[in-house]
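Engineer: Data file data.csv (CSV, C-alpha atoms) is appended below.
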chain,number,residue,atom,x,y,z
A,174,MET,CA,121.5,136.0,94.7
A,175,THR,CA,122.6,135.7,98.4
A,176,VAL,CA,120.6,135.5,101.6
A,177,LYS,CA,121.7,135.9,105.2
A,178,LYS,CA,121.4,133.0,107.6
A,179,SER,CA,118.2,133.2,109.7
A,180,ARG,CA,117.2,131.7,113.0
A,181,ARG,CA,113.6,131.8,112.1
A,182,ALA,CA,111.6,128.7,111.7
A,183,LYS,CA,110.8,127.4,108.2
A,184,GLY,CA,107.8,129.1,106.7
A,185,GLU,CA,108.2,132.4,108.6
A,186,ALA,CA,109.5,134.3,105.6
A,187,THR,CA,107.0,136.7,104.0
A,188,ILE,CA,106.1,137.2,100.4
A,189,ASP,CA,107.5,140.7,100.7
A,190,GLU,CA,110.9,139.2,101.4
A,191,VAL,CA,110.7,136.9,98.5
A,192,ALA,CA,109.8,139.8,96.2
A,193,GLY,CA,112.7,141.8,97.6
A,194,LEU,CA,115.3,139.0,97.2
A,195,ALA,CA,114.1,138.2,93.7
A,196,GLY,CA,113.9,141.9,92.7
A,197,VAL,CA,110.3,141.7,91.6
A,198,SER,CA,106.9,142.9,92.8
A,199,ILE,CA,104.7,141.0,95.2
A,200,LYS,CA,102.2,140.5,92.4
A,201,THR,CA,104.9,138.8,90.2
A,202,VAL,CA,105.7,136.4,93.0
A,203,SER,CA,102.0,135.5,93.3
A,204,ARG,CA,101.8,135.0,89.5
A,205,VAL,CA,104.8,132.7,89.6
A,206,LEU,CA,103.5,130.6,92.5
A,207,ASN,CA,100.1,130.4,90.8
A,208,ARG,CA,101.7,129.3,87.5
A,209,GLU,CA,100.1,132.1,85.6
A,210,PRO,CA,101.1,132.6,82.0
A,211,ASN,CA,103.3,135.3,80.5
A,212,VAL,CA,105.9,135.3,83.2
A,213,ARG,CA,109.4,135.4,81.7
A,214,ALA,CA,111.5,132.2,82.4
A,215,ALA,CA,114.3,134.2,83.9
A,216,THR,CA,111.9,136.0,86.3
A,217,GLN,CA,110.3,132.7,87.2
A,218,GLN,CA,113.7,131.2,88.0
A,219,ARG,CA,114.6,134.2,90.2
A,220,VAL,CA,111.4,133.9,92.2
A,221,LEU,CA,111.7,130.1,92.7
A,222,LYS,CA,115.3,130.5,93.8
A,223,ALA,CA,114.3,133.1,96.3
A,224,VAL,CA,111.4,130.9,97.6
A,225,LYS,CA,113.9,128.1,98.1
A,226,ALA,CA,116.6,130.3,99.7
A,227,LEU,CA,114.1,131.7,102.2
A,228,ASP,CA,112.3,128.4,102.8
A,229,TYR,CA,109.1,130.4,102.0
A,230,LEU,CA,105.8,128.6,102.6
A,231,PRO,CA,102.8,130.2,101.0
A,232,ASN,CA,99.7,130.8,103.1
A,233,LEU,CA,97.5,128.2,101.4
A,234,SER,CA,94.4,129.1,103.3
A,235,ALA,CA,94.6,132.7,102.3
A,236,ARG,CA,95.3,131.8,98.7
A,237,GLY,CA,92.4,129.4,98.7
A,238,LEU,CA,90.0,132.0,99.9
A,239,ALA,CA,91.2,134.5,97.4
A,240,GLY,CA,91.2,132.2,94.4
A,241,ARG,CA,88.6,129.6,95.4
A,242,ARG,CA,91.3,127.0,95.3
A,243,SER,CA,92.9,125.0,98.1
A,244,HIS,CA,96.3,124.8,96.4
A,245,MET,CA,96.3,121.1,97.2
A,246,VAL,CA,96.6,118.2,94.7
A,247,GLY,CA,95.6,114.7,95.5
A,248,LEU,CA,97.3,111.4,94.7
A,249,VAL,CA,95.1,108.3,94.4
A,250,TYR,CA,97.2,105.1,94.3
A,251,ASN,CA,97.4,101.4,94.8
A,252,ASN,CA,100.7,99.9,93.8
A,253,PRO,CA,102.5,97.0,95.4
A,254,SER,CA,106.0,98.2,94.4
A,255,PRO,CA,107.5,100.6,96.9
A,256,ASN,CA,110.3,101.5,94.5
A,257,TYR,CA,107.7,102.6,91.9
A,258,LEU,CA,105.8,104.7,94.4
A,259,PHE,CA,108.9,106.3,95.8
A,260,HIS,CA,109.9,107.6,92.3
A,261,VAL,CA,106.3,108.8,91.6
A,262,LEU,CA,106.4,110.8,94.9
A,263,SER,CA,109.9,112.2,94.1
A,264,GLY,CA,108.7,113.9,90.9
A,265,LEU,CA,105.3,114.9,92.2
A,266,LEU,CA,106.7,116.5,95.4
A,267,GLU,CA,109.3,118.4,93.4
A,268,ALA,CA,106.6,119.9,91.1
A,269,CYS,CA,104.4,120.8,94.1
A,270,ARG,CA,107.3,122.4,96.0
A,271,GLU,CA,108.3,124.5,93.0
A,272,SER,CA,104.7,125.6,92.5
A,273,GLY,CA,103.7,126.2,96.1
A,274,TYR,CA,101.2,123.4,96.2
A,275,GLY,CA,100.5,120.8,99.0
A,276,LEU,CA,99.9,117.1,98.5
A,277,ALA,CA,97.2,114.8,100.0
A,278,MET,CA,97.4,111.0,99.4
A,279,HIS,CA,94.7,108.4,99.3
A,280,LEU,CA,95.3,104.6,99.2
A,281,CYS,CA,92.7,102.5,97.7
A,282,SER,CA,92.2,99.3,95.7
A,283,PRO,CA,90.8,99.0,92.2
A,284,ASP,CA,89.0,95.9,93.3
A,285,GLU,CA,87.1,97.5,96.3
A,286,PRO,CA,83.4,97.8,95.6
A,287,ASP,CA,83.1,101.4,96.7
A,288,LEU,CA,86.3,102.7,95.0
A,289,VAL,CA,84.5,105.5,93.2
A,290,ARG,CA,82.8,106.7,96.4
A,291,SER,CA,86.1,106.4,98.4
A,292,ALA,CA,88.1,108.4,95.9
A,293,THR,CA,85.5,111.1,95.3
A,294,ASP,CA,84.8,111.5,99.0
A,295,PHE,CA,88.6,111.9,99.5
A,296,ALA,CA,88.7,114.6,96.8
A,297,ARG,CA,85.8,116.5,98.3
A,298,GLN,CA,86.9,116.2,101.9
A,299,SER,CA,90.5,117.2,101.1
A,300,ARG,CA,89.3,120.0,98.9
A,301,VAL,CA,92.0,119.2,96.3
A,302,ASP,CA,92.0,121.2,93.1
A,303,GLY,CA,92.9,118.1,91.0
A,304,LEU,CA,94.1,114.5,91.2
A,305,ILE,CA,97.0,112.4,90.0
A,306,LEU,CA,96.0,108.8,89.4
A,307,ILE,CA,98.6,106.1,89.1
A,308,PRO,CA,98.0,102.6,87.8
A,309,PRO,CA,96.0,100.5,88.2
A,310,VAL,CA,93.5,102.9,89.8
A,311,GLY,CA,93.7,105.2,86.8
A,312,ASP,CA,92.3,102.6,84.5
A,313,VAL,CA,89.0,102.2,86.4
A,314,PRO,CA,86.3,103.6,83.9
A,315,ALA,CA,83.7,104.3,86.6
A,316,LEU,CA,86.1,106.4,88.6
A,317,LEU,CA,87.2,108.4,85.5
A,318,THR,CA,83.5,109.1,84.6
A,319,ALA,CA,82.8,110.2,88.2
A,320,LEU,CA,85.7,112.7,88.2
A,321,GLU,CA,84.6,114.1,84.8
A,322,ASP,CA,81.1,114.6,86.2
A,323,MET,CA,82.6,116.5,89.1
A,324,ALA,CA,84.6,118.6,86.5
A,325,LEU,CA,87.7,117.9,88.6
A,326,PRO,CA,90.9,117.9,86.6
A,327,PHE,CA,93.0,114.7,86.8
A,328,VAL,CA,96.1,113.3,85.1
A,329,ARG,CA,96.9,109.6,84.7
A,330,LEU,CA,100.2,107.9,84.8
A,331,SER,CA,100.6,105.1,82.3
A,332,PRO,CA,97.0,104.9,81.1
A,333,MET,CA,96.3,101.7,79.2
A,334,ASP,CA,92.7,102.0,78.0
A,335,GLY,CA,93.1,104.5,75.2
A,336,ARG,CA,90.5,106.8,76.8
A,337,PRO,CA,91.0,110.5,75.9
A,338,GLY,CA,92.4,112.7,78.7
A,339,LEU,CA,95.5,114.0,80.2
A,340,GLY,CA,98.3,111.5,80.9
A,341,VAL,CA,101.9,110.5,80.6
A,342,ALA,CA,103.2,107.1,79.5
A,343,ILE,CA,105.8,105.1,77.8
A,344,ASN,CA,105.1,102.6,75.0
A,345,GLU,CA,105.1,99.5,77.3
A,346,ARG,CA,104.5,97.0,74.5
A,347,HIS,CA,107.2,98.3,72.2
A,348,ALA,CA,109.7,98.4,75.1
A,349,ALA,CA,109.0,94.8,76.0
A,350,THR,CA,109.4,93.7,72.4
A,351,ARG,CA,112.8,95.4,72.3
A,352,VAL,CA,113.9,93.3,75.3
A,353,VAL,CA,112.9,90.1,73.5
A,354,GLU,CA,114.7,91.3,70.3
A,355,TYR,CA,117.8,92.0,72.3
A,356,LEU,CA,117.8,88.5,73.9
A,357,LEU,CA,117.3,87.0,70.5
A,358,GLU,CA,120.2,88.9,69.1
A,359,LEU,CA,122.4,87.4,71.9
A,360,GLY,CA,121.3,84.0,70.7
A,361,HIS,CA,118.6,83.1,73.2
A,362,ARG,CA,115.6,81.1,71.9
A,363,ARG,CA,114.0,79.8,75.0
A,364,ILE,CA,113.0,82.9,76.9
A,365,GLY,CA,110.9,82.7,80.1
A,366,PHE,CA,108.5,85.5,81.0
A,367,VAL,CA,107.1,86.6,84.4
A,368,MET,CA,103.7,88.4,84.2
A,369,GLY,CA,102.8,91.3,86.4
A,370,ASP,CA,99.7,92.0,88.4
A,371,PRO,CA,96.7,90.8,86.2
A,372,GLY,CA,94.7,93.9,87.2
A,373,HIS,CA,97.4,96.2,86.0
A,374,GLY,CA,97.2,97.4,82.3
A,375,ALA,CA,101.0,97.5,82.0
A,376,SER,CA,101.2,93.8,82.8
A,377,MET,CA,99.2,92.8,79.7
A,378,ALA,CA,101.0,95.4,77.5
A,379,ARG,CA,104.4,94.0,78.5
A,380,TYR,CA,103.2,90.4,77.9
A,381,LEU,CA,101.9,91.3,74.4
A,382,GLY,CA,105.3,92.9,73.7
A,383,TYR,CA,106.9,89.6,74.7
A,384,CYS,CA,104.6,87.8,72.3
A,385,ASP,CA,105.3,90.2,69.5
A,386,GLY,CA,109.0,89.7,69.9
A,387,LEU,CA,108.7,85.9,69.6
A,388,GLU,CA,106.3,86.2,66.7
A,389,ARG,CA,108.6,88.5,64.7
A,390,ALA,CA,111.4,85.9,65.1
A,391,GLY,CA,109.1,83.1,63.9
A,392,LEU,CA,109.2,81.4,67.4
A,393,ALA,CA,106.1,79.8,68.8
A,394,LEU,CA,104.8,80.9,72.2
A,395,GLU,CA,105.5,78.2,74.8
A,396,PRO,CA,102.9,78.5,77.5
A,397,GLU,CA,105.1,76.7,80.1
A,398,LEU,CA,107.6,79.5,79.8
A,399,VAL,CA,105.0,82.2,81.0
A,400,VAL,CA,104.5,82.4,84.8
A,401,ASP,CA,102.1,84.6,86.8
A,402,GLY,CA,103.5,87.3,89.0
A,403,ARG,CA,102.2,90.2,91.2
A,404,PHE,CA,105.0,92.8,90.6
A,405,THR,CA,106.4,91.7,94.0
A,406,PHE,CA,109.8,90.3,95.0
A,407,GLU,CA,108.1,87.3,96.5
A,408,SER,CA,106.3,86.4,93.2
A,409,GLY,CA,109.6,86.8,91.4
A,410,ARG,CA,111.1,84.2,93.8
A,411,SER,CA,108.2,81.8,93.1
A,412,ALA,CA,108.9,82.3,89.3
A,413,GLY,CA,112.6,81.7,89.9
A,414,GLU,CA,111.9,78.4,91.7
A,415,TYR,CA,109.7,77.3,88.8
A,416,PHE,CA,112.2,78.2,86.1
A,417,VAL,CA,115.3,76.8,87.8
A,418,GLY,CA,113.4,73.6,88.7
A,419,MET,CA,112.4,72.9,85.0
A,420,SER,CA,114.0,69.9,83.3
A,421,ALA,CA,114.8,72.2,80.4
A,422,MET,CA,115.5,75.6,82.1
A,423,PRO,CA,115.2,78.6,79.8
A,424,THR,CA,118.4,80.4,78.9
A,425,ALA,CA,116.9,83.8,79.7
A,426,VAL,CA,114.1,85.2,81.8
A,427,PHE,CA,112.3,88.5,81.2
A,428,ALA,CA,110.4,89.8,84.3
A,429,SER,CA,107.8,92.5,84.1
A,430,ASN,CA,109.5,94.6,86.7
A,431,ASP,CA,112.8,94.9,88.5
A,432,GLU,CA,111.6,93.5,91.9
A,433,MET,CA,110.4,90.3,90.3
A,434,ALA,CA,113.6,90.0,88.3
A,435,ALA,CA,115.5,90.4,91.6
A,436,GLY,CA,113.5,87.6,93.0
A,437,VAL,CA,114.5,85.3,90.1
A,438,LEU,CA,118.1,86.4,90.5
A,439,GLN,CA,118.2,85.5,94.2
A,440,VAL,CA,116.8,82.0,93.6
A,441,ALA,CA,119.4,81.5,90.8
A,442,HIS,CA,122.2,82.5,93.2
A,443,GLU,CA,120.8,80.1,95.9
A,444,ARG,CA,120.6,77.2,93.4
A,445,GLY,CA,124.1,77.8,92.1
A,446,VAL,CA,123.0,79.0,88.6
A,447,ASP,CA,125.7,81.2,87.0
A,448,ILE,CA,124.4,84.6,86.0
A,449,PRO,CA,124.6,85.4,83.1
A,450,GLN,CA,126.5,82.3,81.7
A,451,GLN,CA,123.7,79.8,82.5
A,452,LEU,CA,120.8,82.2,82.8
A,453,SER,CA,120.3,85.8,81.6
A,454,ILE,CA,117.8,88.0,83.4
A,455,VAL,CA,116.1,91.2,82.4
A,456,GLY,CA,113.8,93.5,84.5
A,457,PHE,CA,111.7,96.5,83.7
A,458,ASP,CA,111.6,100.1,85.2
A,459,ASP,CA,115.2,100.7,86.1
A,460,THR,CA,114.5,101.3,89.8
A,461,PRO,CA,117.4,101.3,92.3
A,462,VAL,CA,117.1,97.6,93.0
A,463,SER,CA,118.3,97.0,89.4
A,464,ARG,CA,121.6,98.7,90.3
A,465,GLU,CA,121.9,97.4,93.8
A,466,VAL,CA,121.7,93.7,93.0
A,467,TRP,CA,124.7,91.7,91.8
A,468,PRO,CA,125.3,91.4,89.0
A,469,ALA,CA,123.8,94.8,88.0
A,470,MET,CA,120.6,94.1,86.2
A,471,THR,CA,119.8,94.7,82.5
A,472,THR,CA,116.4,96.5,82.5
A,473,VAL,CA,114.1,98.9,80.7
A,474,HIS,CA,114.5,102.5,81.9
A,475,GLN,CA,111.1,104.1,82.7
A,476,PRO,CA,111.7,107.7,83.8
A,477,ILE,CA,109.1,107.5,86.5
A,478,SER,CA,110.2,110.6,88.5
A,479,HIS,CA,110.3,112.7,85.4
A,480,MET,CA,106.9,111.4,84.2
A,481,SER,CA,105.2,112.1,87.6
A,482,LYS,CA,106.7,115.6,87.7
A,483,GLN,CA,105.4,116.3,84.2
A,484,ALA,CA,102.0,114.8,85.1
A,485,THR,CA,101.8,117.2,88.1
A,486,LEU,CA,102.8,120.2,86.0
A,487,MET,CA,100.1,119.2,83.4
A,488,LEU,CA,97.6,119.0,86.3
A,489,LEU,CA,98.5,122.4,87.6
A,490,ASP,CA,98.1,123.9,84.2
A,491,ALA,CA,94.7,122.2,83.8
A,492,ILE,CA,93.7,123.6,87.2
A,493,LYS,CA,94.8,127.1,86.2
A,494,ASP,CA,93.0,126.8,82.8
A,495,ASN,CA,89.8,125.5,84.5
A,496,GLY,CA,89.5,128.6,86.6
A,497,THR,CA,86.5,127.7,88.8
A,498,ALA,CA,86.6,124.1,87.5
A,499,THR,CA,83.7,124.3,85.1
A,500,LYS,CA,85.2,122.5,82.2
A,501,VAL,CA,87.3,119.3,81.7
A,502,PRO,CA,90.7,119.9,80.1
A,503,LYS,CA,91.3,118.8,76.5
A,504,ALA,CA,93.0,115.4,75.9
A,505,GLN,CA,96.8,115.3,75.9
A,506,LEU,CA,99.0,112.2,76.3
A,507,GLN,CA,102.7,112.7,76.5
A,508,ILE,CA,104.9,109.7,75.6
A,509,PHE,CA,108.4,109.3,77.1
A,510,ASP,CA,111.3,107.2,75.8
A,511,ALA,CA,112.0,103.9,77.5
A,512,PRO,CA,115.5,102.7,76.4
A,513,LEU,CA,117.0,99.4,77.2
A,514,VAL,CA,119.8,99.6,79.8
A,515,LYS,CA,122.3,96.8,79.2
A,516,ARG,CA,124.1,95.7,82.3
A,517,ASP,CA,125.7,92.5,83.6
A,518,THR,CA,122.8,90.0,83.9
A,519,THR,CA,122.6,89.3,80.2
A,520,ALA,CA,125.0,87.5,77.8
A,521,ALA,CA,125.0,85.0,75.0
A,522,PRO,CA,123.9,81.5,76.1
A,523,SER,CA,126.6,78.9,76.5
A,524,ALA,CA,127.2,76.5,73.6
A,525,GLY,CA,125.6,73.7,75.5
A,526,LYS,CA,122.5,75.7,76.2
A,527,ARG,CA,122.2,76.6,72.5
A,528,ARG,CA,122.5,73.0,71.4
A,529,ALA,CA,119.9,71.9,73.9
A,530,ALA,CA,117.5,74.6,72.6
A,531,ALA,CA,118.1,73.5,69.0
A,532,ILE,CA,117.4,69.9,69.9
A,533,ARG,CA,114.2,70.9,71.7
A,534,ARG,CA,112.9,72.9,68.7
A,535,ALA,CA,113.7,70.0,66.3
Here is the file; what I need is its structure written in the form of structure tokens.

Structural biologist:
Amino acid sequence: MTVKKSRRAKGEATIDEVAGLAGVSIKTVSRVLNREPNVRAATQQRVLKAVKALDYLPNLSARGLAGRRSHMVGLVYNNPSPNYLFHVLSGLLEACRESGYGLAMHLCSPDEPDLVRSATDFARQSRVDGLILIPPVGDVPALLTALEDMALPFVRLSPMDGRPGLGVAINERHAATRVVEYLLELGHRRIGFVMGDPGHGASMARYLGYCDGLERAGLALEPELVVDGRFTFESGRSAGEYFVGMSAMPTAVFASNDEMAAGVLQVAHERGVDIPQQLSIVGFDDTPVSREVWPAMTTVHQPISHMSKQATLMLLDAIKDNGTATKVPKAQLQIFDAPLVKRDTTAAPSAGKRRAAAIRRA
């Protein structure tokens, strides 16, 4: 498929031109953009390729009048990690672009007293056809009930409450347990842990996974090795100051996300602690910061962009199935793998550290 260079502004291509370039009818182009069923994969790919080549922008207003839809989806979020939000948006926008949908965003806090009103007003005023909810907003029961009462489709990223509904997630607890098992395999016995935001369901799941790993190895939980964090670099630095300042520093630290792990790492560098010979550090999420720090960080890979894209496609399917939005879609939770990525911030503890840990346990 080839297309001549054009001087026209983006969005001036017509649906007729898309149909002509793809070699299909206008109706077929419309069916692809509306994600209707029974369109062959090869045909769908030709249409999407033509849309991209021509920089075609659908007339959302006309489509909304014709189908009683706005062809807009909404993102309701509150997350302190810019890296996490960036990856969420990457996958979400890719799915919207491929499907001819627009995106509206709404920032709110799960702690604000009028959260439900704020989010539902946003949905009505923006006339979105459905919502993507990212943690911790997606774990607020009153909001979920209100959206169900509105018969507005929604999909949650990383839901933690076990409530039926559409969502995508990883097994947070299992992934955290695997981190502890890996550190134990290296010979670590004194492992510090940095909690995430207490209002975030993933924070508790990762903490429980940490506890599971210790319990399976027959090791007692040492409360002084568990430090509060907020999923921020600054809270990671605070944790690092605490651990490095201990009279018996742990031989490894597992932080609940990469940004906090990076904070611990920076403090270790400043205090002259050798990484990983004197202190191993593990993060969680595999965001760019884990690859940009030195040494490169061992972490858990959470496919955030892929998860958010899949969540958006699930939402668009639910919107299509709902028709005039008179029913709530059936429950479906898709679980993604979250492998451990071993890099350069982890190693076996030095002999001196192992002896000190053994003496402490005795």

Engineer: Could you pull the residues within 8 Å of region 436-443 of chain A, counting only C-alpha atoms, minus those fewer than 6 positions along the same chain, as a list in words?

Structural biologist: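 Counting only the stated atoms, we get Phe406, Glu407, Ser408, Gly409, Arg410, Ser411, Ala412, Gly413, Glu414, Val417 and Ile454 of chain A.
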
Engineer: So that I can check the surroundings of Tyr355 (chain A), please list as a PyMOL selection string every protein, DNA and RNA residue that reaches within 12 Å of it, counting all atoms listed in the file and ignoring chain neighbours fewer than 2 positions away.

Structural biologist: chain A and resi 348-353+357-362+364+383+386-387+390+425+427+453-455+471-473+512-515+519-521

Engineer: With distances taken over all atoms listed in the file, which residue among A:Leu258, A:Val289, A:Ala484, A:Ala434 lies nearest Gly303 (chain A)?

Structural biologist: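 The shortest atom-to-atom distance to Gly303 (chain A) comes from A:Ala484.
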
Engineer: What is the CA of Asn211 (chain A)-CA of Ala186 (chain A) distance in Å, reported with one decimal?

Structural biologist: 25.9 Å

Engineer: Using all atoms listed in the file for the distances, tell me which of A:Leu356, A:Ala223, A:Ala195, A:Ile305 is nearest to Gly340 (chain A).

Structural biologist: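 Among the listed residues, the smallest separation from Gly340 (chain A) belongs to A:Ile305.
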
Engineer: Record the distance separating CA of Glu267 (chain A) and CA of Lys482 (chain A), expressed in Å with one decimal.

Structural biologist: 6.9 Å

Engineer: Would you compute the box with edges along x, y and z of the file around region 444-455 of chain A, including every atom the file lists for it and 4 Å extra on each side, and give its centre and edge lengths in Å to one decimal, as JSON?

Structural biologist:
{"center_x": 121.3, "center_y": 84.2, "center_z": 87.5, "size_x": 18.4, "size_y": 22.0, "size_z": 19.8}

Engineer: Contacts of Tyr274 (chain A) at 9 Å or less, counting all atoms listed in the file, minus same-chain residues fewer than 2 places along, as an MDAnalysis selection string?

Structural biologist: chainID A and resid 206:207 231 233 243:246 266 268:272 276

Engineer: Using Å and a single decimal, report how far CA of Asp401 (chain A) sits from CA of Asn430 (chain A).

Structural biologist: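 So the two atoms, CA of Asn430 (chain A) and CA of Asp401 (chain A), lie 12.4 Å apart.
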
Engineer: Pick the closest to Ala192 (chain A) from A:Leu280, A:Met470, A:Ile508, A:Val220: which is it, counting all atoms listed in the file?

Structural biologist: A:Val220

Engineer: Which one is closest to Phe404 (chain A): A:Asp385, A:Asp284, A:Ser254, A:Asn344? Count only C-alpha atoms.

Structural biologist: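 Ranking A:Asp385, A:Asp284, A:Ser254, A:Asn344 by distance to Phe404 (chain A), first place goes to A:Ser254.
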
Engineer: Which residue is closest to Ser331 (chain A)? Choose from A:Pro522, A:Pro476, A:Gly247, A:Gly273 and count all atoms listed in the file.

Structural biologist: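 When distances to Ser331 (chain A) are compared using all atoms listed in the file, the smallest one comes from A:Pro476.
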
Engineer: My list of candidates is A:Leu489, A:Leu288, A:Leu194, A:Met333. Which is closest to Glu345 (chain A) when distances are computed with only C-alpha atoms?

Structural biologist: A:Met333

Engineer: Could you give me, as a list in words, the residues within 7 Å of Pro309 (chain A), counting only C-alpha atoms and dropping anything in the same chain fewer than 6 positions from it?

Structural biologist: Asn251, Pro283, Gly372, His373 and Gly374 of chain A
